[in-house]
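Okay, input.pdb now, which holds PDB, C-alpha atoms:
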ATOM      1  CA  MET A 123     -12.168 -10.106  11.016
ATOM      2  CA  ARG A 124     -15.518  -8.832  12.248
ATOM      3  CA  GLU A 125     -15.913  -5.239  13.404
ATOM      4  CA  ASN A 126     -16.403  -6.184  17.077
ATOM      5  CA  GLU A 127     -13.244  -8.290  17.028
ATOM      6  CA  ARG A 128     -11.313  -5.469  15.381
ATOM      7  CA  ILE A 129     -12.501  -2.933  17.973
ATOM      8  CA  GLN A 130     -11.533  -5.289  20.822
ATOM      9  CA  LEU A 131      -8.120  -5.926  19.245
ATOM     10  CA  GLU A 132      -7.490  -2.189  18.849
ATOM     11  CA  LYS A 133      -8.553  -1.611  22.469
ATOM     12  CA  ASN A 134      -6.102  -4.295  23.635
ATOM     13  CA  LEU A 135      -3.322  -2.860  21.464
ATOM     14  CA  TYR A 136      -4.011   0.590  22.932
ATOM     15  CA  ILE A 137      -3.714  -0.739  26.495
ATOM     16  CA  ILE A 138      -0.467  -2.527  25.624
ATOM     17  CA  GLY A 139       0.757   0.669  23.949
ATOM     18  CA  LEU A 140       0.093   2.625  27.141
ATOM     19  CA  CYS A 141       2.243   0.149  29.092
ATOM     20  CA  LEU A 142       5.198   0.090  26.673
ATOM     21  CA  PRO A 143       6.788   3.438  27.642
ATOM     22  CA  TRP A 144       6.708   2.452  31.319
ATOM     23  CA  ILE A 145       8.290  -0.917  30.615
ATOM     24  CA  GLY A 146      10.920   0.733  28.409
ATOM     25  CA  ALA A 147      11.710   3.323  31.078
ATOM     26  CA  ALA A 148      12.075   0.601  33.712
ATOM     27  CA  VAL A 149      14.404  -1.432  31.501
ATOM     28  CA  CYS A 150      16.532   1.649  30.729
ATOM     29  CA  LEU A 151      16.678   2.576  34.412
ATOM     30  CA  LEU A 152      17.700  -0.936  35.471
ATOM     31  CA  TYR A 153      20.213  -1.298  32.644
ATOM     32  CA  GLY A 154      21.698   2.116  33.470
ATOM     33  CA  ARG A 155      22.218   1.127  37.098
ATOM     34  CA  LEU A 156      24.252  -1.965  36.234
ATOM     35  CA  PRO A 157      28.039  -1.759  36.456
ATOM     36  CA  GLU A 158      29.568  -1.121  33.041
ATOM     37  CA  GLY A 159      31.203  -4.524  32.693
ATOM     38  CA  LEU A 160      28.067  -6.405  33.699
ATOM     39  CA  ALA A 161      25.908  -4.327  31.346
ATOM     40  CA  ALA A 162      28.178  -5.277  28.442
ATOM     41  CA  LYS A 163      28.007  -8.982  29.378
ATOM     42  CA  ILE A 164      24.203  -8.975  29.328
ATOM     43  CA  MET A 165      24.233  -8.112  25.613
ATOM     44  CA  ALA A 166      25.315 -11.502  24.305
ATOM     45  CA  PRO A 167      26.585 -11.723  20.731
ATOM     46  CA  CYS A 168      24.288 -13.091  18.052
ATOM     47  CA  MET A 169      24.739 -16.858  17.957
ATOM     48  CA  PHE A 170      23.625 -17.084  14.316
ATOM     49  CA  HIS A 171      26.295 -14.543  13.292
ATOM     50  CA  THR A 172      28.925 -16.209  15.483
ATOM     51  CA  ILE A 173      28.315 -19.621  13.918
ATOM     52  CA  THR A 174      27.626 -18.718  10.269
ATOM     53  CA  GLY A 175      29.325 -15.361   9.799
ATOM     54  CA  PHE A 176      26.092 -13.990   8.325
ATOM     55  CA  TYR A 177      23.597 -11.673   9.948
ATOM     56  CA  CYS A 178      20.266 -12.875  11.302
ATOM     57  CA  PRO A 179      17.095 -10.824  10.711
ATOM     58  CA  GLY A 180      17.463  -9.192  14.140
ATOM     59  CA  CYS A 181      21.125  -8.195  13.951
ATOM     60  CA  GLY A 182      21.481  -4.471  14.477
ATOM     61  CA  GLY A 183      18.136  -4.129  16.254
ATOM     62  CA  SER A 184      19.524  -3.451  19.739
ATOM     63  CA  ARG A 185      21.977  -0.913  18.357
ATOM     64  CA  ALA A 186      19.123   0.719  16.413
ATOM     65  CA  VAL A 187      17.032   1.065  19.582
ATOM     66  CA  ALA A 188      20.011   2.511  21.486
ATOM     67  CA  ALA A 189      20.690   5.002  18.668
ATOM     68  CA  LEU A 190      17.015   6.016  18.595
ATOM     69  CA  VAL A 191      17.010   6.597  22.355
ATOM     70  CA  ARG A 192      20.086   8.811  21.928
ATOM     71  CA  GLY A 193      18.240  10.759  19.229
ATOM     72  CA  GLU A 194      20.396   9.530  16.350
ATOM     73  CA  ILE A 195      17.501   8.839  14.000
ATOM     74  CA  LEU A 196      19.491   8.288  10.803
ATOM     75  CA  LEU A 197      21.949   5.943  12.521
ATOM     76  CA  SER A 198      19.026   4.038  14.037
ATOM     77  CA  PHE A 199      17.488   3.648  10.581
ATOM     78  CA  LEU A 200      20.777   2.425   9.113
ATOM     79  CA  TYR A 201      21.332  -0.124  11.890
ATOM     80  CA  HIS A 202      17.865  -1.598  11.390
ATOM     81  CA  PRO A 203      14.975   0.234   9.677
ATOM     82  CA  ILE A 204      12.327  -1.878  11.419
ATOM     83  CA  VAL A 205      12.944   0.069  14.630
ATOM     84  CA  MET A 206      12.033   3.378  12.984
ATOM     85  CA  TYR A 207       9.069   1.776  11.214
ATOM     86  CA  CYS A 208       7.751   0.408  14.515
ATOM     87  CA  ALA A 209       8.313   3.755  16.258
ATOM     88  CA  VAL A 210       6.361   5.608  13.565
ATOM     89  CA  ILE A 211       3.517   3.062  13.583
ATOM     90  CA  TYR A 212       3.413   3.159  17.395
ATOM     91  CA  LEU A 213       3.284   6.961  17.547
ATOM     92  CA  TRP A 214       0.659   7.118  14.792
ATOM     93  CA  PHE A 215      -1.509   4.438  16.423
ATOM     94  CA  MET A 216      -1.260   5.811  19.956
ATOM     95  CA  GLY A 217      -1.653   9.463  18.917
ATOM     96  CA  SER A 218      -4.720   8.795  16.813
ATOM     97  CA  HIS A 219      -6.349   6.670  19.506
ATOM     98  CA  ILE A 220      -5.633   9.259  22.198
ATOM     99  CA  ILE A 221      -7.352  11.864  20.005
ATOM    100  CA  GLU A 222     -10.290   9.502  19.421
ATOM    101  CA  ARG A 223     -10.688   8.974  23.179
ATOM    102  CA  PHE A 224     -10.286  12.685  23.845
ATOM    103  CA  ILE A 225     -13.255  13.475  21.584
ATOM    104  CA  LYS A 226     -15.162  10.605  23.266
ATOM    105  CA  HIS A 227     -15.399   8.410  20.161
ATOM    106  CA  LYS A 228     -17.633  10.900  18.323
ATOM    107  CA  ARG A 229     -15.521  10.271  15.223
ATOM    108  CA  ARG A 230     -13.455   7.224  14.428
ATOM    109  CA  THR A 231     -10.103   8.914  14.007
ATOM    110  CA  GLY A 232      -7.917   6.169  15.461
ATOM    111  CA  MET A 233      -5.614   4.202  13.190
ATOM    112  CA  ARG A 234      -7.240   0.897  12.300
ATOM    113  CA  TYR A 235      -5.424  -2.412  12.618
ATOM    114  CA  ARG A 236      -4.620  -4.027   9.298
ATOM    115  CA  ASN A 237      -2.499  -7.065   8.531
ATOM    116  CA  CYS A 238      -0.695  -5.077   5.826
ATOM    117  CA  TYR A 239       1.304  -3.287   8.553
ATOM    118  CA  LEU A 240       2.743  -6.651   9.601
ATOM    119  CA  TRP A 241       3.474  -7.644   5.990
ATOM    120  CA  ILE A 242       5.294  -4.350   5.445
ATOM    121  CA  ALA A 243       7.349  -5.003   8.590
ATOM    122  CA  LEU A 244       8.216  -8.489   7.358
ATOM    123  CA  GLY A 245       9.277  -7.060   4.002
ATOM    124  CA  ILE A 246      11.488  -4.457   5.682
ATOM    125  CA  VAL A 247      13.207  -7.109   7.811
ATOM    126  CA  ALA A 248      13.710  -9.450   4.831
ATOM    127  CA  LEU A 249      15.084  -6.694   2.596
ATOM    128  CA  HIS A 250      17.398  -5.334   5.297
ATOM    129  CA  THR A 251      18.718  -8.827   6.095
ATOM    130  CA  ALA A 252      19.320  -9.506   2.404
ATOM    131  CA  VAL A 253      21.173  -6.203   1.900
ATOM    132  CA  LYS A 254      23.448  -6.772   4.921
ATOM    133  CA  ASN A 255      24.265 -10.346   3.925
ATOM    134  CA  ILE A 256      24.743  -9.649   0.207
ATOM    135  CA  ALA A 257      27.076  -6.765   1.054
ATOM    136  CA  LEU A 258      29.004  -9.101   3.355
ATOM    137  CA  ALA A 259      29.126 -12.171   1.088
ATOM    138  CA  VAL A 260      29.557 -10.568  -2.334
ATOM    139  CA  PHE A 261      31.337  -7.281  -1.652
ATOM    140  CA  HIS A 262      33.017  -8.169   1.672
ATOM    141  CA  VAL A 263      31.538  -5.043   3.258
ATOM    142  CA  ASP A 264      30.426  -5.430   6.870
ATOM    143  CA  ILE A 265      27.792  -2.708   7.158
ATOM    144  CA  LEU A 266      27.271  -3.037  10.911
ATOM    145  CA  ARG A 267      31.001  -2.752  11.644
ATOM    146  CA  ILE A 268      31.171   0.377   9.481
ATOM    147  CA  LEU A 269      28.238   1.877  11.386
ATOM    148  CA  ASP A 270      29.841   0.940  14.728
ATOM    149  CA  ALA A 271      32.938   2.905  13.688
ATOM    150  CA  LEU A 272      30.936   6.090  13.074
TER     151      LEU A 272
END
Could you spell out this file's structure in C-alpha cells?
Amino acid sequence: MRENERIQLEKNLYIIGLCLPWIGAAVCLLYGRLPEGLAAKIMAPCMFHTITGFYCPGCGGSRAVAALVRGEILLSFLYHPIVMYCAVIYLWFMGSHIIERFIKHKRRTGMRYRNCYLWIALGIVALHTAVKNIALAVFHVDILRILDAL
C-alpha cells in the first residue's frame, strides 16, 4: 500500500471512529427504551448453535459488549476476547490520532494501519471458538452457560 493510500485510509478510519460512539449511544438509547419483553425478542438465538450445538465464531460477542458497557472488563474478556481487543485498538488508534491532530501533524504520532491487526483479530476469534467448542465437545463444559450463571 502506498503512503498516500495509507494516509487516506487512516483519515477515513478516523472519521468512522468519530461516528462510532454516537451510533453506539443511539443504539443503547433505543434499545433501553424498548419494553423488556420486546428487547429480549430482538436478540435472536444463534442459529448455528441452535442447529449444531456448537458455538459459532461470534457466540458470546453481544454478551461481551454488554458486560463491557457495564464495566465488567474481565467478564467481557471471558465472553469473547475480541471485544476487548477491538476496544483497546480503537482507543489506541483514536487517542493517537487525536493527539496528532492536536499538534497539527507536526509529528506523526498516530497509530498506523497494518494488516497484522486484522490477522491478530482473526487468530483471537479462531482460538476462542476452538476453546469454547473443544471444552463443549470433549469435556462437556459449556463455558458460556457457566459465565451466564456468574
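Closest approach to A:Gly245 among A:Gly175, A:Pro203, A:Gly193, A:Gly232: A:Pro203, based on only C-alpha atoms.
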**Report entry** Reference answer for the PyMOL selection byres ((chain A and resi 202) around 8), as a ChimeraX atom specification
**Finding:** /A:181-183,186,198-201,203-206,250
Query raised in the report: In terms of the shortest atom-to-atom distance over all atoms listed in the file, which of A:Lys254, A:Arg124, A:Ile246, A:Lys133 is closest to A:Leu266?
Result: A:Lys254
Report summary line: For A:Leu131, the closest of A:Arg267, A:His262, A:Arg223, A:Arg234 counting only C-alpha atoms is A:Arg234
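In this model, the gap between atom CA of A:Leu135 and atom CA of A:Val247 comes to 21.9 Å.
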Query - Test item: which residues lie within 10 Å of (26.4, -8.8, 1.0) counting only C-alpha atoms, as an MDAnalysis selection string - result: chainID A and resid 176:177 251:265
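One distance worth recording is that between atom CA of A:Leu152 and atom CA of A:Leu197, which is 24.3 Å.
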Query raised in the report: So which residues get picked by the PyMOL selection byres ((chain A and resi 236) around 12) here, written as an MDAnalysis selection string?
Result: chainID A and resid 123 128:129 131:132 211 215 233:235 237:242
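Straight-line separation from atom CA of A:Val210 to atom CA of A:Pro179: 19.8 Å.
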Please produce stretch 240-258 of chain A, completed to N, CA, C and O atoms, as a PDB file, keeping the file's coordinate frame.
ATOM      1  N   LEU A 240       1.849  -5.551   9.255  1.00  0.00           N
ATOM      2  CA  LEU A 240       2.743  -6.651   9.601  1.00  0.00           C
ATOM      3  C   LEU A 240       3.501  -7.152   8.369  1.00  0.00           C
ATOM      4  O   LEU A 240       4.687  -7.471   8.449  1.00  0.00           O
ATOM      5  N   TRP A 241       2.816  -7.213   7.221  1.00  0.00           N
ATOM      6  CA  TRP A 241       3.474  -7.644   5.990  1.00  0.00           C
ATOM      7  C   TRP A 241       4.554  -6.653   5.568  1.00  0.00           C
ATOM      8  O   TRP A 241       5.616  -7.051   5.076  1.00  0.00           O
ATOM      9  N   ILE A 242       4.280  -5.371   5.754  1.00  0.00           N
ATOM     10  CA  ILE A 242       5.294  -4.350   5.445  1.00  0.00           C
ATOM     11  C   ILE A 242       6.505  -4.531   6.355  1.00  0.00           C
ATOM     12  O   ILE A 242       7.658  -4.473   5.900  1.00  0.00           O
ATOM     13  N   ALA A 243       6.251  -4.782   7.644  1.00  0.00           N
ATOM     14  CA  ALA A 243       7.349  -5.003   8.590  1.00  0.00           C
ATOM     15  C   ALA A 243       8.180  -6.218   8.188  1.00  0.00           C
ATOM     16  O   ALA A 243       9.420  -6.172   8.205  1.00  0.00           O
ATOM     17  N   LEU A 244       7.508  -7.284   7.802  1.00  0.00           N
ATOM     18  CA  LEU A 244       8.216  -8.489   7.358  1.00  0.00           C
ATOM     19  C   LEU A 244       9.067  -8.203   6.124  1.00  0.00           C
ATOM     20  O   LEU A 244      10.212  -8.648   6.023  1.00  0.00           O
ATOM     21  N   GLY A 245       8.521  -7.432   5.195  1.00  0.00           N
ATOM     22  CA  GLY A 245       9.277  -7.060   4.002  1.00  0.00           C
ATOM     23  C   GLY A 245      10.502  -6.221   4.330  1.00  0.00           C
ATOM     24  O   GLY A 245      11.576  -6.426   3.753  1.00  0.00           O
ATOM     25  N   ILE A 246      10.354  -5.297   5.268  1.00  0.00           N
ATOM     26  CA  ILE A 246      11.488  -4.457   5.682  1.00  0.00           C
ATOM     27  C   ILE A 246      12.587  -5.317   6.287  1.00  0.00           C
ATOM     28  O   ILE A 246      13.771  -5.165   5.950  1.00  0.00           O
ATOM     29  N   VAL A 247      12.217  -6.237   7.167  1.00  0.00           N
ATOM     30  CA  VAL A 247      13.207  -7.109   7.811  1.00  0.00           C
ATOM     31  C   VAL A 247      13.897  -7.989   6.769  1.00  0.00           C
ATOM     32  O   VAL A 247      15.125  -8.129   6.776  1.00  0.00           O
ATOM     33  N   ALA A 248      13.122  -8.576   5.857  1.00  0.00           N
ATOM     34  CA  ALA A 248      13.710  -9.450   4.831  1.00  0.00           C
ATOM     35  C   ALA A 248      14.658  -8.679   3.919  1.00  0.00           C
ATOM     36  O   ALA A 248      15.770  -9.141   3.626  1.00  0.00           O
ATOM     37  N   LEU A 249      14.241  -7.504   3.480  1.00  0.00           N
ATOM     38  CA  LEU A 249      15.084  -6.694   2.596  1.00  0.00           C
ATOM     39  C   LEU A 249      16.363  -6.249   3.300  1.00  0.00           C
ATOM     40  O   LEU A 249      17.460  -6.332   2.733  1.00  0.00           O
ATOM     41  N   HIS A 250      16.223  -5.800   4.546  1.00  0.00           N
ATOM     42  CA  HIS A 250      17.398  -5.334   5.297  1.00  0.00           C
ATOM     43  C   HIS A 250      18.381  -6.486   5.535  1.00  0.00           C
ATOM     44  O   HIS A 250      19.593  -6.304   5.396  1.00  0.00           O
ATOM     45  N   THR A 251      17.858  -7.659   5.879  1.00  0.00           N
ATOM     46  CA  THR A 251      18.718  -8.827   6.095  1.00  0.00           C
ATOM     47  C   THR A 251      19.436  -9.202   4.805  1.00  0.00           C
ATOM     48  O   THR A 251      20.640  -9.490   4.813  1.00  0.00           O
ATOM     49  N   ALA A 252      18.712  -9.174   3.695  1.00  0.00           N
ATOM     50  CA  ALA A 252      19.320  -9.506   2.404  1.00  0.00           C
ATOM     51  C   ALA A 252      20.423  -8.513   2.042  1.00  0.00           C
ATOM     52  O   ALA A 252      21.509  -8.909   1.610  1.00  0.00           O
ATOM     53  N   VAL A 253      20.173  -7.228   2.237  1.00  0.00           N
ATOM     54  CA  VAL A 253      21.173  -6.203   1.900  1.00  0.00           C
ATOM     55  C   VAL A 253      22.434  -6.388   2.736  1.00  0.00           C
ATOM     56  O   VAL A 253      23.553  -6.368   2.205  1.00  0.00           O
ATOM     57  N   LYS A 254      22.277  -6.578   4.046  1.00  0.00           N
ATOM     58  CA  LYS A 254      23.448  -6.772   4.921  1.00  0.00           C
ATOM     59  C   LYS A 254      24.253  -8.001   4.510  1.00  0.00           C
ATOM     60  O   LYS A 254      25.485  -7.940   4.439  1.00  0.00           O
ATOM     61  N   ASN A 255      23.554  -9.103   4.230  1.00  0.00           N
ATOM     62  CA  ASN A 255      24.265 -10.346   3.925  1.00  0.00           C
ATOM     63  C   ASN A 255      24.841 -10.372   2.515  1.00  0.00           C
ATOM     64  O   ASN A 255      25.913 -10.936   2.297  1.00  0.00           O
ATOM     65  N   ILE A 256      24.177  -9.744   1.559  1.00  0.00           N
ATOM     66  CA  ILE A 256      24.743  -9.649   0.207  1.00  0.00           C
ATOM     67  C   ILE A 256      25.982  -8.758   0.222  1.00  0.00           C
ATOM     68  O   ILE A 256      27.004  -9.086  -0.388  1.00  0.00           O
ATOM     69  N   ALA A 257      25.903  -7.639   0.944  1.00  0.00           N
ATOM     70  CA  ALA A 257      27.076  -6.765   1.054  1.00  0.00           C
ATOM     71  C   ALA A 257      28.244  -7.511   1.689  1.00  0.00           C
ATOM     72  O   ALA A 257      29.391  -7.359   1.264  1.00  0.00           O
ATOM     73  N   LEU A 258      27.957  -8.351   2.668  1.00  0.00           N
ATOM     74  CA  LEU A 258      29.004  -9.101   3.355  1.00  0.00           C
ATOM     75  C   LEU A 258      29.560 -10.227   2.478  1.00  0.00           C
ATOM     76  O   LEU A 258      30.773 -10.369   2.345  1.00  0.00           O
TER      77      LEU A 258
END
